[in-house]
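Novice: entry.cif is the file, holding mmCIF, C-alpha atoms:
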data_structure
#
loop_
_atom_site.label_atom_id
_atom_site.label_comp_id
_atom_site.auth_asym_id
_atom_site.auth_seq_id
_atom_site.Cartn_x
_atom_site.Cartn_y
_atom_site.Cartn_z
CA MET A 1 0.00 0.00 0.00
CA THR A 2 1.31 3.43 -0.87
CA ARG A 3 -0.26 5.09 2.13
CA LEU A 4 -1.19 3.54 5.42
CA PHE A 5 -1.61 6.22 8.07
CA ALA A 6 -1.83 9.90 7.20
CA ALA A 7 -1.14 10.75 10.84
CA LEU A 8 2.47 9.50 10.66
CA PRO A 9 4.94 12.42 10.76
CA LEU A 10 6.69 13.22 7.52
CA LEU A 11 10.41 13.93 7.69
CA LEU A 12 11.38 16.57 5.14
CA PHE A 13 14.92 16.20 3.93
CA ALA A 14 15.23 19.94 3.28
CA GLY A 15 16.30 21.25 6.67
CA ALA A 16 15.06 18.08 8.44
CA VAL A 17 11.78 19.82 9.26
CA VAL A 18 9.05 17.57 10.65
CA ALA A 19 5.59 18.30 9.29
CA ALA A 20 2.74 18.79 11.71
CA PRO A 21 0.74 15.61 12.36
CA GLN A 22 -2.44 15.34 10.31
CA PRO A 23 -5.63 13.60 11.46
CA PHE A 24 -6.70 10.34 9.81
CA THR A 25 -9.83 11.36 7.90
CA ALA A 26 -12.75 9.58 6.27
CA ARG A 27 -11.17 10.44 2.92
CA ASP A 28 -7.98 8.65 3.96
CA LEU A 29 -10.03 5.61 5.01
CA VAL A 30 -11.84 5.48 1.66
CA ALA A 31 -8.55 5.79 -0.24
CA LEU A 32 -6.88 2.81 1.48
CA GLU A 33 -6.02 -0.08 -0.81
CA ARG A 34 -7.78 -3.32 0.11
CA VAL A 35 -6.34 -6.80 -0.39
CA SER A 36 -8.62 -9.85 -0.62
CA ASP A 37 -9.21 -13.31 -2.12
CA PRO A 38 -5.67 -14.80 -2.19
CA HIS A 39 -5.18 -18.07 -4.10
CA LEU A 40 -2.08 -20.24 -4.32
CA SER A 41 -0.90 -21.59 -7.68
CA PRO A 42 -0.82 -25.40 -8.17
CA ASP A 43 2.98 -25.47 -7.90
CA GLY A 44 2.89 -23.43 -4.68
CA HIS A 45 5.21 -20.73 -6.05
CA THR A 46 2.81 -17.85 -6.67
CA VAL A 47 -0.07 -16.16 -4.90
CA ALA A 48 -2.70 -14.33 -6.94
CA TYR A 49 -4.90 -11.87 -5.09
CA GLN A 50 -7.40 -9.08 -5.65
CA LEU A 51 -6.49 -5.46 -4.88
CA ARG A 52 -9.12 -2.73 -4.71
CA GLN A 53 -7.89 0.81 -5.37
CA THR A 54 -10.00 3.95 -5.16
CA ASP A 55 -10.34 6.59 -7.87
CA LEU A 56 -11.55 9.50 -5.75
CA GLU A 57 -12.06 11.82 -8.72
CA ALA A 58 -14.28 9.29 -10.49
CA ASN A 59 -15.93 8.30 -7.19
CA LYS A 60 -15.42 4.57 -7.72
CA GLY A 61 -13.28 1.63 -6.72
CA ILE A 62 -11.37 -0.48 -9.25
CA ASN A 63 -10.27 -4.06 -8.62
CA GLY A 64 -7.17 -5.56 -10.17
CA ILE A 65 -5.30 -8.87 -9.98
CA TRP A 66 -1.78 -8.91 -8.50
CA LEU A 67 0.84 -11.63 -8.09
CA VAL A 68 3.54 -12.37 -5.51
CA ASP A 69 6.40 -14.77 -6.29
CA LEU A 70 6.94 -16.88 -3.17
CA SER A 71 10.10 -18.50 -4.53
CA GLN A 72 11.94 -15.18 -4.19
CA LYS A 73 12.57 -13.66 -0.78
CA ASN A 74 10.84 -10.30 -0.28
CA ALA A 75 9.65 -10.24 -3.90
CA ALA A 76 7.64 -7.16 -4.77
CA PRO A 77 4.02 -7.68 -5.89
CA ARG A 78 3.38 -7.16 -9.59
CA ARG A 79 0.21 -6.35 -11.45
CA ALA A 80 -1.20 -9.17 -13.59
CA THR A 81 -4.12 -7.30 -15.19
CA SER A 82 -4.34 -3.94 -16.94
CA ALA A 83 -4.48 -0.82 -14.79
CA GLY A 84 -7.81 0.97 -14.91
CA SER A 85 -9.85 -2.06 -16.00
CA GLU A 86 -12.05 -3.93 -13.54
CA SER A 87 -10.69 -7.43 -12.89
CA ASN A 88 -11.56 -9.70 -9.98
CA THR A 89 -11.86 -13.29 -8.68
CA PRO A 90 -8.46 -14.80 -9.57
CA ARG A 91 -8.54 -18.61 -9.87
CA TRP A 92 -5.87 -21.08 -10.99
CA SER A 93 -6.42 -23.98 -13.38
CA VAL A 94 -4.59 -27.27 -12.78
CA ASP A 95 -2.13 -26.41 -15.58
CA GLY A 96 -1.12 -23.16 -13.87
CA ARG A 97 -3.04 -20.65 -15.97
CA LEU A 98 -4.86 -17.81 -14.24
CA TYR A 99 -8.58 -17.25 -14.80
CA PHE A 100 -10.46 -14.15 -13.65
CA LEU A 101 -13.56 -12.04 -14.26
CA SER A 102 -13.30 -8.73 -16.09
CA ALA A 103 -15.68 -6.20 -17.64
CA ARG A 104 -13.08 -4.83 -20.06
CA SER A 105 -15.09 -6.10 -23.04
CA GLY A 106 -18.24 -4.23 -21.98
CA SER A 107 -19.78 -6.98 -19.82
CA GLN A 108 -18.28 -9.13 -17.08
CA GLN A 109 -16.90 -12.29 -18.70
CA LEU A 110 -14.36 -14.99 -17.90
CA TRP A 111 -10.78 -14.31 -19.01
CA ARG A 112 -7.58 -16.38 -18.99
CA LEU A 113 -3.93 -15.36 -18.63
CA ASP A 114 -0.93 -17.55 -19.37
CA LEU A 115 1.84 -16.34 -17.07
CA ARG A 116 4.51 -17.67 -19.42
CA GLY A 117 3.68 -14.76 -21.73
CA GLY A 118 1.06 -13.19 -23.95
CA GLU A 119 -2.05 -11.10 -23.41
CA ALA A 120 -5.16 -12.05 -21.50
CA GLU A 121 -7.67 -14.03 -23.57
CA GLN A 122 -11.44 -13.75 -23.27
CA VAL A 123 -12.87 -17.20 -22.51
CA THR A 124 -16.64 -16.55 -22.52
CA ARG A 125 -18.67 -14.27 -24.78
CA LEU A 126 -22.11 -14.64 -23.25
CA PRO A 127 -24.94 -12.09 -23.58
CA LEU A 128 -25.16 -11.82 -19.76
CA ASP A 129 -22.65 -10.90 -17.06
CA VAL A 130 -20.89 -13.80 -15.35
CA GLY A 131 -21.43 -13.29 -11.62
CA ALA A 132 -19.22 -16.11 -10.34
CA PHE A 133 -17.47 -19.18 -11.71
CA ARG A 134 -15.83 -22.46 -10.74
CA LEU A 135 -13.44 -24.31 -13.05
CA ALA A 136 -14.06 -28.00 -13.63
CA PRO A 137 -11.14 -30.28 -12.64
CA ASP A 138 -10.22 -31.00 -16.28
CA GLY A 139 -10.17 -27.30 -17.18
CA ARG A 140 -12.43 -27.81 -20.19
CA THR A 141 -15.65 -26.49 -18.67
CA ALA A 142 -16.71 -24.13 -15.89
CA ALA A 143 -19.81 -23.63 -13.79
CA VAL A 144 -20.91 -20.01 -14.21
CA ALA A 145 -23.56 -18.04 -12.33
CA LEU A 146 -25.87 -15.97 -14.56
CA GLU A 147 -28.92 -13.84 -13.74
CA VAL A 148 -31.81 -15.17 -15.86
CA PHE A 149 -35.60 -15.06 -16.08
CA ALA A 150 -37.04 -18.45 -15.11
CA ASP A 151 -39.34 -18.62 -18.14
CA CYS A 152 -36.59 -17.86 -20.66
CA VAL A 153 -35.10 -20.94 -22.33
CA THR A 154 -32.12 -19.04 -23.80
CA LEU A 155 -29.73 -16.41 -22.48
CA ALA A 156 -30.64 -14.21 -25.43
CA CYS A 157 -34.25 -14.14 -24.19
CA THR A 158 -33.15 -12.79 -20.80
CA ALA A 159 -30.78 -10.27 -22.39
CA ARG A 160 -33.54 -9.03 -24.71
CA ARG A 161 -36.02 -8.64 -21.85
CA ILE A 162 -33.50 -6.72 -19.72
CA GLU A 163 -32.85 -4.42 -22.67
CA GLU A 164 -36.59 -3.86 -23.09
CA GLN A 165 -36.88 -2.99 -19.38
CA SER A 166 -34.10 -0.42 -19.69
CA ARG A 167 -35.76 1.22 -22.71
CA SER A 168 -39.26 1.27 -21.25
CA LYS A 169 -40.61 4.67 -20.21
CA ALA A 170 -42.50 2.99 -17.38
CA ARG A 171 -40.30 2.71 -14.31
CA GLY A 172 -42.76 1.13 -11.89
CA LEU A 173 -42.35 -2.49 -10.76
CA LEU A 174 -44.96 -4.69 -9.10
CA TYR A 175 -43.73 -7.03 -6.36
CA ASP A 176 -45.89 -9.77 -4.89
CA GLN A 177 -43.25 -11.16 -2.51
CA LEU A 178 -40.02 -10.20 -0.74
CA PHE A 179 -37.15 -9.63 -1.37
CA VAL A 180 -37.68 -6.44 -3.39
CA ARG A 181 -33.97 -5.69 -3.24
CA HIS A 182 -30.70 -6.87 -1.71
CA TRP A 183 -28.85 -3.93 -0.17
CA ASP A 184 -28.54 -1.38 -3.02
CA THR A 185 -29.72 -3.63 -5.87
CA TRP A 186 -33.41 -3.81 -6.75
CA LYS A 187 -34.82 -7.16 -7.90
CA ASN A 188 -35.84 -7.15 -11.56
CA GLY A 189 -37.41 -10.59 -11.73
CA THR A 190 -34.26 -12.58 -12.51
CA ARG A 191 -32.65 -15.34 -10.47
CA SER A 192 -28.99 -16.30 -10.31
CA GLN A 193 -28.61 -19.82 -11.68
CA LEU A 194 -25.70 -22.15 -12.45
CA PHE A 195 -24.80 -23.14 -16.01
CA LEU A 196 -22.07 -25.34 -17.45
CA ALA A 197 -20.01 -23.40 -20.01
CA ASN A 198 -17.73 -24.99 -22.62
CA LEU A 199 -14.46 -23.04 -22.42
CA ALA A 200 -13.50 -24.08 -25.96
CA ALA A 201 -16.65 -22.43 -27.37
CA PRO A 202 -16.83 -18.87 -25.93
CA ALA A 203 -20.24 -17.96 -27.37
CA ALA A 204 -21.94 -21.36 -27.13
CA GLU A 205 -25.18 -21.59 -25.16
CA PRO A 206 -24.30 -23.01 -21.72
CA LYS A 207 -26.24 -25.85 -20.12
CA LEU A 208 -28.57 -25.04 -17.19
CA LEU A 209 -27.65 -27.17 -14.16
CA THR A 210 -30.01 -25.80 -11.49
CA THR A 211 -33.24 -26.83 -13.19
CA GLY A 212 -36.29 -26.26 -11.00
CA ILE A 213 -34.38 -24.32 -8.32
CA ASP A 214 -36.63 -21.37 -7.40
CA GLY A 215 -33.88 -19.49 -5.58
CA ASP A 216 -30.59 -17.72 -6.18
CA VAL A 217 -27.47 -19.80 -6.70
CA PRO A 218 -25.21 -18.60 -5.21
CA THR A 219 -27.41 -17.13 -2.48
CA LYS A 220 -28.00 -13.39 -2.18
CA PRO A 221 -26.53 -11.04 -1.19
CA PHE A 222 -23.11 -12.37 -0.20
CA GLY A 223 -22.78 -15.81 -1.80
CA GLY A 224 -19.97 -16.54 -4.25
CA ASP A 225 -18.08 -19.47 -5.71
CA GLU A 226 -17.53 -20.87 -2.22
CA GLU A 227 -21.14 -22.05 -2.45
CA PHE A 228 -20.65 -24.46 -5.37
CA VAL A 229 -17.98 -27.05 -6.13
CA PHE A 230 -17.25 -29.91 -8.53
CA SER A 231 -16.54 -33.45 -7.44
CA PRO A 232 -12.89 -34.44 -8.14
CA ASP A 233 -13.95 -36.44 -11.21
CA GLY A 234 -15.93 -33.46 -12.55
CA ARG A 235 -19.14 -35.45 -12.97
CA THR A 236 -21.13 -33.83 -10.15
CA LEU A 237 -21.71 -30.28 -8.95
CA PHE A 238 -22.64 -29.53 -5.33
CA PHE A 239 -24.21 -26.18 -4.48
CA THR A 240 -26.06 -24.17 -1.82
CA ALA A 241 -29.60 -22.89 -2.42
CA ARG A 242 -32.59 -21.59 -0.48
CA ILE A 243 -36.04 -22.42 -1.83
CA ALA A 244 -38.52 -20.60 0.39
CA GLY A 245 -41.10 -18.90 -1.86
CA LYS A 246 -42.86 -16.03 -0.10
CA THR A 247 -41.00 -16.78 3.17
CA GLU A 248 -37.58 -16.18 1.59
CA ALA A 249 -37.04 -12.83 3.33
CA TRP A 250 -37.09 -14.36 6.81
CA SER A 251 -36.01 -17.93 6.07
CA THR A 252 -32.56 -19.20 7.01
CA ASN A 253 -33.17 -22.64 5.53
CA THR A 254 -30.47 -23.06 2.92
CA ASP A 255 -29.64 -26.58 1.75
CA ILE A 256 -26.87 -28.51 0.03
CA TRP A 257 -27.83 -29.89 -3.39
CA ARG A 258 -26.09 -32.06 -5.96
CA VAL A 259 -26.64 -32.46 -9.68
CA ALA A 260 -24.97 -34.41 -12.48
CA VAL A 261 -23.21 -32.08 -14.94
CA THR A 262 -24.80 -34.03 -17.80
CA GLY A 263 -28.13 -32.46 -16.84
CA SER A 264 -29.69 -35.93 -16.95
CA ALA A 265 -31.58 -35.44 -13.67
CA LYS A 266 -32.90 -32.63 -11.48
CA PRO A 267 -30.86 -31.50 -8.47
CA GLU A 268 -31.14 -33.58 -5.28
CA ASN A 269 -31.46 -32.01 -1.81
CA LEU A 270 -28.90 -33.61 0.54
CA SER A 271 -29.78 -31.70 3.74
CA ALA A 272 -33.57 -31.41 3.64
CA PRO A 273 -34.18 -32.51 7.29
CA ASN A 274 -32.21 -29.57 8.73
CA PRO A 275 -34.26 -26.33 9.11
CA GLY A 276 -31.27 -23.98 9.45
CA TYR A 277 -28.32 -22.89 7.33
CA ASP A 278 -26.39 -25.50 5.34
CA VAL A 279 -23.64 -23.87 3.32
CA GLY A 280 -20.15 -24.21 1.82
CA PRO A 281 -19.93 -27.75 0.38
CA ILE A 282 -16.41 -29.15 -0.18
CA VAL A 283 -15.58 -32.64 -1.45
CA SER A 284 -12.69 -34.75 -0.13
CA PRO A 285 -9.84 -35.39 -2.61
CA ASP A 286 -10.90 -39.02 -3.06
CA GLY A 287 -14.47 -37.93 -3.85
CA LYS A 288 -15.99 -40.08 -1.12
CA THR A 289 -16.95 -37.50 1.53
CA LEU A 290 -18.82 -34.20 1.41
CA ALA A 291 -18.25 -31.65 4.19
CA TRP A 292 -20.22 -28.47 4.90
CA ARG A 293 -21.14 -26.03 7.66
CA SER A 294 -24.56 -26.34 9.25
CA MET A 295 -26.68 -24.45 11.81
CA LYS A 296 -29.38 -26.40 13.68
CA ARG A 297 -31.97 -23.74 14.46
CA GLY A 298 -34.25 -22.48 11.71
CA GLY A 299 -34.88 -18.72 11.60
CA PHE A 300 -31.76 -18.01 13.69
CA GLU A 301 -28.89 -16.27 11.90
CA ALA A 302 -26.18 -16.63 14.54
CA ASP A 303 -26.31 -20.26 15.65
CA ARG A 304 -23.05 -22.22 15.97
CA ASN A 305 -21.77 -23.67 12.72
CA ARG A 306 -21.34 -27.42 12.94
CA ILE A 307 -19.20 -29.46 10.56
CA LEU A 308 -21.21 -32.21 8.90
CA LEU A 309 -19.76 -35.06 6.85
CA ARG A 310 -21.76 -37.16 4.37
CA ASP A 311 -20.66 -40.48 2.97
CA LEU A 312 -21.49 -39.91 -0.70
CA ALA A 313 -21.84 -43.61 -1.44
CA GLY A 314 -24.09 -44.64 1.43
CA GLY A 315 -25.64 -41.30 2.42
CA ALA A 316 -24.84 -41.47 6.16
CA VAL A 317 -24.30 -38.05 7.78
CA ARG A 318 -22.33 -37.41 10.98
CA GLU A 319 -21.15 -34.35 12.88
CA LEU A 320 -17.39 -33.93 13.15
CA ALA A 321 -16.03 -32.68 16.51
CA PRO A 322 -19.47 -32.14 18.12
CA ASP A 323 -17.89 -31.07 21.43
CA TRP A 324 -15.73 -28.36 19.84
CA ASP A 325 -17.17 -25.08 21.11
CA ARG A 326 -16.30 -22.98 18.08
CA SER A 327 -18.12 -21.89 14.92
CA PRO A 328 -15.98 -22.39 11.80
CA GLY A 329 -16.28 -19.73 9.10
CA ALA A 330 -14.57 -21.66 6.29
CA LEU A 331 -13.35 -25.19 5.63
CA GLY A 332 -10.73 -26.86 3.47
CA TRP A 333 -9.50 -30.43 2.95
CA SER A 334 -5.87 -31.47 3.21
CA ALA A 335 -4.38 -33.09 0.10
CA ASP A 336 -4.51 -36.56 1.66
CA GLY A 337 -8.11 -36.15 2.87
CA ARG A 338 -7.24 -36.96 6.48
CA THR A 339 -7.63 -33.43 7.83
CA LEU A 340 -10.12 -30.61 7.60
CA TYR A 341 -8.72 -27.12 8.08
CA ALA A 342 -10.98 -24.43 9.53
CA ILE A 343 -10.85 -20.83 10.63
CA ALA A 344 -12.95 -19.81 13.63
CA ASP A 345 -13.22 -16.94 16.07
CA GLU A 346 -11.43 -17.57 19.37
CA LEU A 347 -10.83 -15.01 22.12
CA GLY A 348 -10.87 -12.04 19.77
CA GLN A 349 -8.73 -13.67 17.09
CA THR A 350 -9.37 -15.87 14.05
CA PRO A 351 -6.76 -18.65 14.09
CA LEU A 352 -6.41 -21.68 11.84
CA PHE A 353 -7.34 -25.13 13.16
CA ALA A 354 -6.70 -28.68 11.97
CA ILE A 355 -9.43 -31.27 12.62
CA ASP A 356 -8.83 -34.99 12.23
CA ALA A 357 -11.47 -36.20 9.75
CA ARG A 358 -11.88 -39.53 11.59
CA SER A 359 -11.59 -38.78 15.30
CA GLY A 360 -12.61 -35.09 15.30
CA ALA A 361 -9.52 -34.15 17.34
CA VAL A 362 -8.91 -30.40 17.04
CA LYS A 363 -5.50 -28.72 17.00
CA ARG A 364 -4.86 -24.98 16.83
CA LEU A 365 -2.16 -24.33 14.21
CA VAL A 366 -1.62 -20.57 14.60
CA GLU A 367 -0.88 -18.93 17.94
#
Re-express the file's structure as structure tokens.
Specialist:
Amino acid sequence: MTRLFAALPLLLFAGAVVAAPQPFTARDLVALERVSDPHLSPDGHTVAYQLRQTDLEANKGINGIWLVDLSQKNAAPRRATSAGSESNTPRWSVDGRLYFLSARSGSQQLWRLDLRGGEAEQVTRLPLDVGAFRLAPDGRTAAVALEVFADCVTLACTARRIEEQSRSKARGLLYDQLFVRHWDTWKNGTRSQLFLANLAAPAAEPKLLTTGIDGDVPTKPFGGDEEFVFSPDGRTLFFTARIAGKTEAWSTNTDIWRVAVTGSAKPENLSAPNPGYDVGPIVSPDGKTLAWRSMKRGGFEADRNRILLRDLAGGAVRELAPDWDRSPGALGWSADGRTLYAIADELGQTPLFAIDARSGAVKRLVE
């Protein structure tokens, strides 16, 4: 960051005069650069992350993708995407190429960058913005989140209707159920749904995977690609969704679903008995176990997150570490599938924990 605290004294070399301390203002706070969403490359040598910088004159923030070379001591970060263009959500493919979302073409699409050289390449050319994405294990396809009208059978239909709405002189909207908006975004009748996109055919019509899901995938307003994941063999997609109809605005009943990427069957609800939050599915490296975070009490937003494990072959579900009095905020599998890593609040900090996937024994890794 070029500027951390405006209140730090400035030593002037001319005459060694110390400038008067300046207060840290709201303007300084807005102008701070913000780092987020770090992801490690498959070879472990590079971290890609998102950096938000503020253009005060234009009254907007701009996200870019930056890289840090971990193989070099104290290596300086370097920009991976063009300055001034919105780029976000850096993700690595198994072959070490960097994928990200960018609106540089006029709408937010999926782009790819080969770090060995060359310019970024646009991967999707869809008529709608890509809201989130998850690469399939083989790198040939990706699950993409798109805002569509439920009665439209093509993306072009949704795009045409949105264009008609923008041109209409009538600005009134009729709502017969909540939500009418999420934070600062009014609902226009569309739902976020998951599609399977062929990365070798940028403009090809993607395949709808969340057929019959009357809810947003990922969930609104904060859900992202952490709410959907492929199985290691790429044949199945697991995702989080809330289907609540007119009770959506006060329902906390999200569930974990699975669907075959062939689209041969409708999605299956794997957590229907639980009335509270079920979120964040992750599959073990051997593809045999599904883990997610779950809250017991329906209608309660701040219950303790439990870790649930499902045997994907037999369907048995068990709670891991039921006596652990913490509420994990994110989970990740170790490469050998023997350990689940979790972050959780503890005594004013957010350390990293390791949890034995068999016994549930918990070990704090960061002091």
Novice: Do you know which residues the PyMOL selection byres ((chain A and resi 202) around 9) returns on this file, as number ranges by chain?
Specialist: A: 122-126, 197-201, 203-205
Novice: Could you tell me which of A:Ser264, A:Ser41, A:Thr254, A:Thr210 comes closest to Gly280 (chain A) if we count only C-alpha atoms?
Specialist: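 Among A:Ser264, A:Ser41, A:Thr254, A:Thr210, it is A:Thr254 that comes nearest to Gly280 (chain A).
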Novice: Find the residues around Ala120 (chain A) up to 10 Å (only C-alpha atoms counted), leave out those fewer than 2 positions away in its own chain, and share them as a list in words.
Specialist: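 Surrounding residues, per the criterion: Ala80, Thr81, Ser82, Leu98, Tyr99, Phe100, Trp111, Arg112, Leu113, Asp114, Leu115, Gly117, Gly118, Gln122 and Val123 of chain A.
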Novice: Mind pulling up the distance from CA of Pro90 (chain A) to CA of Ala143 (chain A)?
Specialist: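 Between CA of Ala143 (chain A) and CA of Pro90 (chain A) the gap is 15.0 Å.
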Novice: Got a sec: who's within 8 Å of Arg235 (chain A), counting all atoms listed in the file, leaving out chain neighbours fewer than 3 positions off, as number ranges by chain?
Specialist: A: 230-232, 260-262
Novice: Could you list, as number ranges by chain, every residue matched by the PyMOL selection byres ((chain A and resi 304) around 10) in this structure?
Specialist: A: 293-297, 300-303, 305-307, 325-329
Novice: Run the PyMOL selection byres ((chain A and resi 357) around 6) against the file shown and list the residues it catches, as a PyMOL selection string.
Specialist: chain A and resi 338-339+356+358+360
Novice: Rank A:His182, A:Lys207, A:Arg134, A:His45 by their smallest atom-to-atom distance to Gly96 (chain A), using all atoms listed in the file, and report the top residue only.
Specialist: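 Smallest distance to Gly96 (chain A) is found for A:His45.
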Novice: Excluding Arg78 (chain A) and its own-chain neighbours fewer than 4 positions away, which residues fall within 7 Å of it when counting all atoms listed in the file? Please give them as a PyMOL selection string.
Specialist: chain A and resi 66-68
Novice: Find the residues near Gln193 (chain A): any atom within 9 Å, counting all atoms listed in the file, skip ones fewer than 5 places away on the same chain, and give them as a PyMOL selection string.
Specialist: chain A and resi 144-148+208-211+213+215-218
Novice: For C-alpha atoms, I'd like the residues from the last selection saved as an mmCIF file, in the frame of the given file.
Specialist:
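again23.cif written:
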data_model
loop_
_atom_site.group_PDB
_atom_site.id
_atom_site.type_symbol
_atom_site.label_atom_id
_atom_site.label_comp_id
_atom_site.auth_asym_id
_atom_site.auth_seq_id
_atom_site.Cartn_x
_atom_site.Cartn_y
_atom_site.Cartn_z
ATOM 1 C CA VAL A 144 -20.910 -20.010 -14.210
ATOM 2 C CA ALA A 145 -23.560 -18.040 -12.330
ATOM 3 C CA LEU A 146 -25.870 -15.970 -14.560
ATOM 4 C CA GLU A 147 -28.920 -13.840 -13.740
ATOM 5 C CA VAL A 148 -31.810 -15.170 -15.860
ATOM 6 C CA LEU A 208 -28.570 -25.040 -17.190
ATOM 7 C CA LEU A 209 -27.650 -27.170 -14.160
ATOM 8 C CA THR A 210 -30.010 -25.800 -11.490
ATOM 9 C CA THR A 211 -33.240 -26.830 -13.190
ATOM 10 C CA ILE A 213 -34.380 -24.320 -8.320
ATOM 11 C CA GLY A 215 -33.880 -19.490 -5.580
ATOM 12 C CA ASP A 216 -30.590 -17.720 -6.180
ATOM 13 C CA VAL A 217 -27.470 -19.800 -6.700
ATOM 14 C CA PRO A 218 -25.210 -18.600 -5.210
#
Novice: Mind giving me the straight-line distance from CA of Arg318 (chain A) to CA of Thr289 (chain A) in Å, one decimal?
Specialist: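 Separation of CA of Arg318 (chain A) and CA of Thr289 (chain A): 10.9 Å.
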Novice: Set up a box along x, y and z of the file covering all listed atoms of region 97-109 of chain A, add 4 Å on every one of the six sides, and write the centre and edge lengths in Å to one decimal, as lines of an AutoDock Vina configuration file.
Specialist:
center_x = -11.4
center_y = -12.4
center_z = -18.3
size_x = 24.7
size_y = 24.4
size_z = 17.4
Novice: Please determine the residues with any atom at most 8 Å from (-32.4, -28.9, 8.8) (coordinates as given in the file, with all atoms listed in the file counting) and report them as a VMD selection string.
Specialist: chain A and resid 253 255 271 to 278 295 to 298
